[in-house]
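Participant: Supplied structure: coords-v4.cif, mmCIF, C-alpha atoms.
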data_protein
loop_
_atom_site.label_atom_id
_atom_site.label_comp_id
_atom_site.auth_asym_id
_atom_site.auth_seq_id
_atom_site.Cartn_x
_atom_site.Cartn_y
_atom_site.Cartn_z
CA LYS A 1027 8.18 -16.55 1.16
CA SER A 1028 9.80 -13.19 1.94
CA TRP A 1029 8.07 -10.12 0.51
CA LEU A 1030 10.80 -7.64 1.46
CA PHE A 1031 13.11 -6.30 -1.22
CA THR A 1032 15.87 -3.78 -1.70
CA ARG A 1033 14.91 -0.86 -3.93
CA GLN A 1034 17.06 -2.33 -6.72
CA GLN A 1035 15.45 -5.77 -6.41
CA LEU A 1036 11.96 -4.28 -6.45
CA ASP A 1037 12.65 -2.05 -9.45
CA THR A 1038 14.14 -5.03 -11.33
CA LEU A 1039 11.10 -7.25 -10.66
CA ILE A 1040 8.71 -4.49 -11.71
CA SER A 1041 10.66 -3.83 -14.92
CA GLN A 1042 10.51 -7.55 -15.70
CA ASN A 1043 6.72 -7.70 -15.36
CA GLY A 1044 6.22 -5.47 -18.38
CA GLU A 1045 5.19 -2.35 -16.46
CA SER A 1046 5.70 0.75 -18.64
CA LEU A 1047 5.08 3.38 -15.95
CA THR A 1048 7.68 5.67 -14.45
CA TYR A 1049 8.28 5.49 -10.70
CA VAL A 1050 6.08 8.54 -9.98
CA GLU A 1051 3.34 7.33 -12.34
CA ARG A 1052 3.35 3.95 -10.62
CA GLN A 1053 3.04 5.60 -7.20
CA HIS A 1054 0.13 7.70 -8.44
CA VAL A 1055 -1.63 4.71 -9.99
CA HIS A 1056 -1.21 2.80 -6.73
CA GLN A 1057 -2.64 5.78 -4.87
CA PHE A 1058 -5.61 5.81 -7.27
CA TYR A 1059 -6.45 2.18 -6.49
CA MET A 1060 -5.70 2.70 -2.79
CA THR A 1061 -8.39 5.40 -2.83
CA ILE A 1062 -10.81 2.85 -4.29
CA MET A 1063 -9.93 0.30 -1.60
CA THR A 1064 -10.39 2.99 1.07
CA SER A 1065 -13.85 3.78 -0.32
CA ILE A 1066 -14.81 0.10 -0.25
CA ALA A 1067 -13.56 -0.22 3.33
CA LYS A 1068 -15.59 2.83 4.40
CA ILE A 1069 -18.76 1.50 2.77
CA LEU A 1070 -18.30 -1.86 4.51
CA LYS A 1071 -17.20 -0.21 7.81
CA LEU A 1072 -13.96 -2.18 7.95
CA ARG A 1073 -11.16 -1.58 10.45
CA GLN A 1074 -8.04 0.28 9.30
CA GLN A 1075 -5.91 -2.84 9.74
CA ILE A 1076 -8.06 -4.70 7.20
CA LEU A 1077 -7.47 -1.91 4.70
CA ALA A 1078 -3.74 -2.00 5.49
CA THR A 1079 -3.62 -5.76 4.84
CA ALA A 1080 -5.53 -5.27 1.57
CA ALA A 1081 -3.00 -2.62 0.52
CA VAL A 1082 -0.09 -5.02 1.16
CA PHE A 1083 -1.84 -7.77 -0.84
CA PHE A 1084 -2.35 -5.30 -3.69
CA LEU A 1085 1.32 -4.27 -3.61
CA ARG A 1086 2.49 -7.89 -3.58
CA TYR A 1087 0.23 -8.86 -6.47
CA HIS A 1088 1.60 -6.06 -8.66
CA VAL A 1089 5.26 -6.79 -8.00
CA LYS A 1090 5.15 -9.38 -10.82
CA ARG A 1091 2.09 -8.14 -12.68
CA PRO A 1092 1.58 -4.73 -14.30
CA PHE A 1093 -1.47 -2.67 -13.37
CA ILE A 1094 -2.76 -3.09 -16.92
CA ASN A 1095 -1.99 -6.68 -17.92
CA ARG A 1096 -1.70 -7.60 -21.59
CA LYS A 1097 -1.55 -11.31 -20.82
CA GLN A 1098 -4.71 -11.20 -18.67
CA PRO A 1099 -6.69 -8.17 -19.92
CA HIS A 1100 -9.87 -9.50 -18.30
CA ILE A 1101 -8.34 -8.97 -14.84
CA ASP A 1102 -8.88 -5.30 -14.17
CA ALA A 1103 -6.94 -3.66 -11.31
CA ILE A 1104 -10.25 -2.64 -9.69
CA LEU A 1105 -11.15 -6.34 -9.62
CA VAL A 1106 -7.80 -7.04 -7.94
CA ALA A 1107 -8.32 -4.18 -5.46
CA ALA A 1108 -11.77 -5.46 -4.49
CA THR A 1109 -10.46 -9.01 -4.18
CA CYS A 1110 -7.65 -7.83 -1.91
CA VAL A 1111 -10.17 -6.17 0.43
CA TYR A 1112 -12.29 -9.33 0.44
CA LEU A 1113 -9.30 -11.56 1.23
CA ALA A 1114 -7.89 -9.14 3.82
CA ALA A 1115 -11.19 -9.21 5.71
CA LYS A 1116 -10.99 -13.01 5.80
CA VAL A 1117 -7.38 -13.01 6.97
CA GLU A 1118 -8.17 -10.43 9.67
CA GLU A 1119 -11.13 -12.58 10.82
CA HIS A 1120 -13.82 -10.17 9.68
CA PRO A 1121 -15.33 -12.03 6.72
CA PHE A 1122 -18.38 -10.80 4.84
CA HIS A 1123 -20.50 -12.13 1.99
CA ILE A 1124 -19.08 -11.65 -1.48
CA LYS A 1125 -22.28 -9.83 -2.50
CA ALA A 1126 -21.41 -7.02 -0.09
CA ILE A 1127 -18.23 -6.15 -1.94
CA VAL A 1128 -19.96 -6.41 -5.32
CA GLN A 1129 -22.49 -3.85 -4.09
CA ALA A 1130 -19.73 -1.66 -2.64
CA VAL A 1131 -17.80 -1.57 -5.91
CA GLN A 1132 -20.99 -0.80 -7.83
CA SER A 1133 -21.71 2.14 -5.48
CA PRO A 1134 -21.46 5.66 -7.00
CA SER A 1135 -19.18 6.59 -4.09
CA VAL A 1136 -16.47 4.34 -5.54
CA LEU A 1137 -15.43 6.76 -8.30
CA GLY A 1138 -18.53 5.90 -10.29
CA ALA A 1139 -17.25 2.40 -10.96
CA ASN A 1140 -19.84 -0.05 -12.28
CA TYR A 1141 -18.16 -3.46 -12.19
CA ALA A 1142 -19.72 -6.85 -11.62
CA ILE A 1143 -16.92 -8.50 -9.70
CA ASP A 1144 -16.03 -12.07 -10.61
CA MET A 1145 -13.66 -12.63 -7.68
CA VAL A 1146 -10.10 -13.68 -8.43
CA LYS A 1147 -9.29 -16.98 -6.75
CA ILE A 1148 -6.74 -17.04 -3.95
CA SER A 1149 -4.67 -19.43 -6.07
CA ASP A 1150 -4.50 -16.77 -8.80
CA LEU A 1151 -2.95 -14.31 -6.34
CA ASP A 1152 -0.24 -16.84 -5.40
CA PHE A 1153 1.23 -14.91 -2.49
CA TYR A 1154 1.99 -15.54 1.16
CA MET A 1155 -1.02 -14.21 3.05
CA VAL A 1156 0.58 -13.50 6.43
CA VAL A 1157 0.99 -9.74 6.96
CA PHE A 1158 2.45 -7.87 9.93
CA HIS A 1159 1.87 -4.15 10.52
CA PRO A 1160 3.74 -1.38 12.38
CA TYR A 1161 0.78 -0.34 14.58
CA GLN A 1162 1.62 -2.51 17.58
CA SER A 1163 5.35 -1.74 17.33
CA VAL A 1164 4.64 1.99 17.39
CA ALA A 1165 2.52 1.64 20.52
CA LEU A 1166 5.22 -0.40 22.27
CA TYR A 1167 8.02 1.98 21.27
CA ILE A 1168 6.06 5.03 22.43
CA LYS A 1169 5.43 3.33 25.75
CA ASP A 1170 9.15 2.59 25.99
CA LEU A 1171 9.94 6.27 25.40
CA GLY A 1172 8.08 7.04 28.63
CA PHE A 1173 5.48 9.57 27.45
CA PRO A 1174 2.93 10.75 30.03
CA LYS A 1175 -0.52 9.37 29.21
CA GLU A 1176 -2.19 12.34 27.44
CA PRO A 1177 0.80 13.52 25.33
CA GLY A 1178 1.56 9.89 24.56
CA THR A 1179 -1.97 9.36 23.24
CA ILE A 1180 -1.72 12.41 20.98
CA PHE A 1181 1.72 11.33 19.72
CA LEU A 1182 0.42 7.80 19.04
CA GLN A 1183 -2.58 9.08 17.07
CA ASN A 1184 -0.33 11.25 14.88
CA ALA A 1185 2.09 8.37 14.36
CA TRP A 1186 -0.74 6.06 13.33
CA MET A 1187 -1.87 8.62 10.74
CA LEU A 1188 1.61 8.51 9.22
CA ILE A 1189 1.55 4.70 9.21
CA ASN A 1190 -1.74 4.79 7.30
CA ASP A 1191 -0.07 6.95 4.64
CA THR A 1192 2.78 4.47 4.14
CA TYR A 1193 0.32 2.04 2.54
CA ARG A 1194 -0.07 4.52 -0.31
CA SER A 1195 3.53 3.72 -1.27
CA ASP A 1196 5.77 0.68 -1.73
CA LEU A 1197 7.44 1.13 1.69
CA PRO A 1198 5.76 -2.07 3.05
CA LEU A 1199 7.74 -3.97 0.39
CA LEU A 1200 11.03 -2.31 1.39
CA TYR A 1201 11.08 -2.29 5.20
CA PRO A 1202 9.91 -4.59 7.99
CA PRO A 1203 7.12 -3.21 10.21
CA HIS A 1204 9.36 -2.37 13.18
CA MET A 1205 11.60 -0.20 10.98
CA ILE A 1206 8.60 1.65 9.55
CA ALA A 1207 7.42 2.16 13.14
CA LEU A 1208 10.77 3.69 14.12
CA GLY A 1209 10.84 5.96 11.08
CA VAL A 1210 7.30 7.12 11.76
CA ILE A 1211 8.13 7.83 15.41
CA TYR A 1212 11.17 9.90 14.40
CA LEU A 1213 9.18 11.89 11.82
CA THR A 1214 6.34 12.45 14.29
CA ALA A 1215 8.87 13.68 16.84
CA ALA A 1216 10.35 16.08 14.29
CA MET A 1217 6.88 17.56 13.75
CA GLN A 1218 6.23 17.85 17.52
CA GLU A 1219 9.60 18.97 18.88
CA LYS A 1220 8.28 20.45 22.14
CA MET A 1221 6.73 17.12 23.08
CA VAL A 1222 10.06 15.27 22.78
CA GLU A 1223 12.60 17.86 23.95
CA SER A 1224 13.85 15.62 26.75
CA ILE A 1225 14.36 12.53 24.55
CA ASP A 1226 17.80 11.66 23.18
CA PHE A 1227 16.79 9.72 20.06
CA GLY A 1228 20.38 8.80 19.20
CA LEU A 1229 20.73 7.08 22.55
CA TRP A 1230 17.29 5.50 22.28
CA PHE A 1231 17.98 4.12 18.79
CA SER A 1232 21.19 2.52 20.04
CA ARG A 1233 19.21 1.00 22.90
CA VAL A 1234 16.76 -0.61 20.47
CA ASN A 1235 19.73 -1.74 18.37
CA VAL A 1236 19.11 0.39 15.27
CA GLN A 1237 21.56 2.63 13.44
CA PRO A 1238 20.30 6.26 13.23
CA ASP A 1239 21.47 6.46 9.60
CA GLN A 1240 19.05 3.66 8.66
CA ILE A 1241 16.18 5.59 10.23
CA LEU A 1242 17.16 8.82 8.47
CA ILE A 1243 17.12 7.06 5.08
CA LEU A 1244 13.65 5.69 5.82
CA VAL A 1245 12.44 9.12 7.00
CA GLN A 1246 13.68 10.64 3.74
CA GLN A 1247 11.60 8.09 1.85
CA LEU A 1248 8.59 9.06 3.97
CA LEU A 1249 9.18 12.70 3.01
CA ASP A 1250 9.52 11.67 -0.65
CA LEU A 1251 6.16 9.90 -0.28
CA TYR A 1252 4.50 13.14 0.80
CA GLN A 1253 6.15 14.99 -2.08
CA THR A 1254 4.74 12.39 -4.49
CA MET A 1255 1.32 12.56 -2.82
CA SER A 1256 1.30 16.36 -3.17
CA LEU A 1257 1.70 15.95 -6.94
CA TYR A 1258 -1.14 13.42 -7.21
CA ASP A 1259 -3.95 14.37 -9.60
CA GLY A 1260 -6.86 11.91 -9.56
CA PRO A 1261 -8.43 12.83 -12.94
CA ALA A 1262 -5.01 12.90 -14.66
CA THR A 1263 -4.14 9.49 -13.19
CA LEU A 1264 -7.48 8.07 -14.36
CA GLU A 1265 -6.73 9.43 -17.84
CA LEU A 1266 -3.33 7.68 -17.73
CA ILE A 1267 -4.98 4.39 -16.74
CA ASN A 1268 -7.53 4.71 -19.55
CA LYS A 1269 -4.72 5.34 -22.06
CA LEU A 1270 -2.98 2.18 -20.88
CA LYS A 1271 -6.23 0.21 -21.26
CA LEU A 1272 -6.73 1.64 -24.75
CA GLY A 1273 -3.19 0.52 -25.59
CA ILE A 1274 -4.13 -3.04 -24.61
CA TYR A 1275 -7.22 -2.98 -26.83
CA VAL A 1276 -5.08 -1.79 -29.76
CA TYR A 1277 -2.53 -4.53 -29.00
CA LEU A 1278 -5.23 -7.23 -28.90
CA LEU A 1279 -6.73 -5.93 -32.13
CA LYS A 1280 -3.34 -6.18 -33.86
CA VAL A 1281 -2.92 -9.73 -32.57
CA LEU A 1282 -6.41 -10.62 -33.85
CA ILE A 1283 -5.72 -9.09 -37.29
CA HIS A 1284 -2.42 -10.99 -37.46
CA TYR A 1285 -4.17 -14.35 -36.99
CA VAL A 1286 -7.18 -13.64 -39.21
#
So, in terms of structure tokens, how does the structure I just supplied come out?
Facilitator:
Amino acid sequence: KSWLFTRQQLDTLISQNGESLTYVERQHVHQFYMTIMTSIAKILKLRQQILATAAVFFLRYHVKRPFINRKQPHIDAILVAATCVYLAAKVEEHPFHIKAIVQAVQSPSVLGANYAIDMVKISDLDFYMVVFHPYQSVALYIKDLGFPKEPGTIFLQNAWMLINDTYRSDLPLLYPPHMIALGVIYLTAAMQEKMVESIDFGLWFSRVNVQPDQILILVQQLLDLYQTMSLYDGPATLELINKLKLGIYVYLLKVLIHYV
């Protein structure tokens, strides 16, 4: 199954799942849960690629399910986030005992969460579990650009940092990994002009068979991501999530009263 969409397709699917958040609110809520997954990964000393895979699983799961689900109110998004980390570790061949993630989520370092995780079954997540990432593509493209060893290493490290940030957005649902890699390389080059003065990116993009306009659109979305991230307020986002949860409790109470 393909998990790549146009922006219109993705927005349509999200609107159909009952999600009531605006685009910016949704991005902030995703960032909130991404922070939780990052904390879990740090506690368990997991590689960045495992966290990246978990982030993609989390994005895929919430394409057709809202963050706060009226139909399945017992499935909290923190439960889903923890499950995604657990499954990602298995997929990336770094499995650990389920008790470890229960302890990690109960840790005070995970935003004070105190959840006993009853893990969601893989069948409940119903998505294709193969995930590809831009990391290797970035390394190959940078090598192709012909950087000397030391500047190339610095450029690669900065590019990887940008890749890590893309998982705090829905870009992995909109672009294949090699396109994200190219956009990240172009943005990194724009931030380090002296390092790439001798490179004709227009010529290089044509050599790798990509239209520069496509890359510029992707770069603009990367810049929009940083604008959205700059507006992120953790406590305010938590308050928004709690309001949504309260709305579900009120909804369930009305349903209960109706049938009594």
Participant: So the first atom is CA of Gln1237 (chain A) and the second is CA of Tyr1193 (chain A); what is the distance between them in Å, to one decimal place?
Facilitator: 23.9 Å
Participant: Got a sec to resolve the PyMOL selection byres ((chain A and resi 1071-1075) around 9) on this structure and send the residues as a PyMOL selection string?
Facilitator: chain A and resi 1064+1066-1070+1076-1080+1114-1115+1118+1120+1159+1161+1190
Participant: I need the output of the PyMOL selection byres ((chain A and resi 1043) around 7) for this file as a list in words; which residues are they?
Facilitator: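 The output of the PyMOL selection byres ((chain A and resi 1043) around 7) on this file is Leu1039, Ile1040, Ser1041, Gln1042, Gly1044, Glu1045, Lys1090, Arg1091 and Pro1092 of chain A.
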Participant: Using all atoms listed in the file, which residue out of A:Ala1103, A:Ile1062, A:Leu1229, A:Leu1085 lies closest to Leu1270 (chain A)?
Facilitator: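 Going through A:Ala1103, A:Ile1062, A:Leu1229, A:Leu1085 one by one, the smallest distance to Leu1270 (chain A) is for A:Ala1103.
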Participant: Which neighbours of Ile1225 (chain A) fall inside 10 Å, counting only C-alpha atoms, when residues of the same chain fewer than 6 positions from it are skipped, and could you give them as JSON, numbers by chain?
Facilitator: {"A": [1171, 1172, 1173, 1215, 1219]}
Participant: Restricted to C-alpha atoms, what would the selected residues look like written as a short mmCIF file (atom, residue, chain, number, x, y, z; two decimals), keeping the file's coordinate frame?
Facilitator:
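Done, and the output landed in selection_29.cif:
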data_model
loop_
_atom_site.label_atom_id
_atom_site.label_comp_id
_atom_site.auth_asym_id
_atom_site.auth_seq_id
_atom_site.Cartn_x
_atom_site.Cartn_y
_atom_site.Cartn_z
CA LEU A 1171 9.94 6.27 25.40
CA GLY A 1172 8.08 7.04 28.63
CA PHE A 1173 5.48 9.57 27.45
CA ALA A 1215 8.87 13.68 16.84
CA GLU A 1219 9.60 18.97 18.88
#
Participant: Please report the interatomic distance between CA of Met1205 (chain A) and CA of Asp1250 (chain A) in Å with one decimal.
Facilitator: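 Going from CA of Met1205 (chain A) over to CA of Asp1250 (chain A) covers 16.7 Å.
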Participant: At what distance in Å, to one decimal, does CA of Ser1163 (chain A) lie from CA of Leu1199 (chain A)?
Facilitator: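 Going from CA of Leu1199 (chain A) over to CA of Ser1163 (chain A) covers 17.3 Å.
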Participant: Of the candidates A:Phe1031, A:Tyr1258, A:Leu1272, A:Asn1184, which shows the shortest atom-to-atom distance to Glu1051 (chain A), using all atoms listed in the file?
Facilitator: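 When distances to Glu1051 (chain A) are compared using all atoms listed in the file, the smallest one comes from A:Tyr1258.
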Participant: Which residue out of A:Thr1192, A:Thr1038, A:Ser1256, A:Thr1263 has the minimum interatomic distance to Leu1244 (chain A) when all atoms listed in the file are used?
Facilitator: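 The shortest atom-to-atom distance to Leu1244 (chain A) comes from A:Thr1192.
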Participant: Could you list, as a list in words, every residue within 12 Å of Pro1202 (chain A), counting only C-alpha atoms and ignoring same-chain residues fewer than 3 positions away?
Facilitator: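 Non-adjacent residues within range: Ser1028, Trp1029, Leu1030, Phe1031, Thr1032, Val1157, Phe1158, His1159, Pro1160, Ser1163, Asp1196, Leu1197, Pro1198, Leu1199, Met1205, Ile1206, Ala1207, Leu1208, Gly1209 and Leu1244 of chain A.
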Participant: For a quick check of understanding, using only C-alpha atoms, which of A:Ile1267, A:Gln1253, A:Ile1211, A:Gln1246 has the smallest distance to Asp1170 (chain A)?
Facilitator: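 Ranked by minimum distance to Asp1170 (chain A), first place goes to A:Ile1211.
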Participant: Go through A:Gln1247, A:Ser1065, A:Gln1218, A:Ser1232 one by one, measure the shortest atom-to-atom distance of each to Val1131 (chain A) using all atoms listed in the file, and give the residue with the smallest value.
Facilitator: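 Looking only at the distances to Val1131 (chain A), the closest residue turns out to be A:Ser1065.
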Participant: For His1204 (chain A), which residue out of A:Ser1224, A:Leu1182, A:Arg1086, A:Ala1165 is the nearest one, using only C-alpha atoms?
Facilitator: A:Ala1165
Participant: Applied to this file, what does the PyMOL selection byres ((chain A and resi 1055-1059) around 7) return in terms of residues, put as JSON, numbers by chain?
Facilitator: {"A": [1051, 1052, 1053, 1054, 1060, 1061, 1062, 1063, 1104, 1107, 1194, 1260, 1263]}
Participant: Please save C-alpha atoms of the selected residues as a PDB file, in the frame of the given file.
Facilitator:
ATOM      1  CA  GLU A1051       3.340   7.330 -12.340  1.00  0.00           C
ATOM      2  CA  ARG A1052       3.350   3.950 -10.620  1.00  0.00           C
ATOM      3  CA  GLN A1053       3.040   5.600  -7.200  1.00  0.00           C
ATOM      4  CA  HIS A1054       0.130   7.700  -8.440  1.00  0.00           C
ATOM      5  CA  MET A1060      -5.700   2.700  -2.790  1.00  0.00           C
ATOM      6  CA  THR A1061      -8.390   5.400  -2.830  1.00  0.00           C
ATOM      7  CA  ILE A1062     -10.810   2.850  -4.290  1.00  0.00           C
ATOM      8  CA  MET A1063      -9.930   0.300  -1.600  1.00  0.00           C
ATOM      9  CA  ILE A1104     -10.250  -2.640  -9.690  1.00  0.00           C
ATOM     10  CA  ALA A1107      -8.320  -4.180  -5.460  1.00  0.00           C
ATOM     11  CA  ARG A1194      -0.070   4.520  -0.310  1.00  0.00           C
ATOM     12  CA  GLY A1260      -6.860  11.910  -9.560  1.00  0.00           C
ATOM     13  CA  THR A1263      -4.140   9.490 -13.190  1.00  0.00           C
TER      14      THR A1263
END
Participant: Excluding Thr1214 (chain A) and its own-chain neighbours fewer than 5 positions away, which residues fall within 8 Å of it when counting all atoms listed in the file? Please give them as number ranges by chain.
Facilitator: A: 1181, 1184-1185, 1188
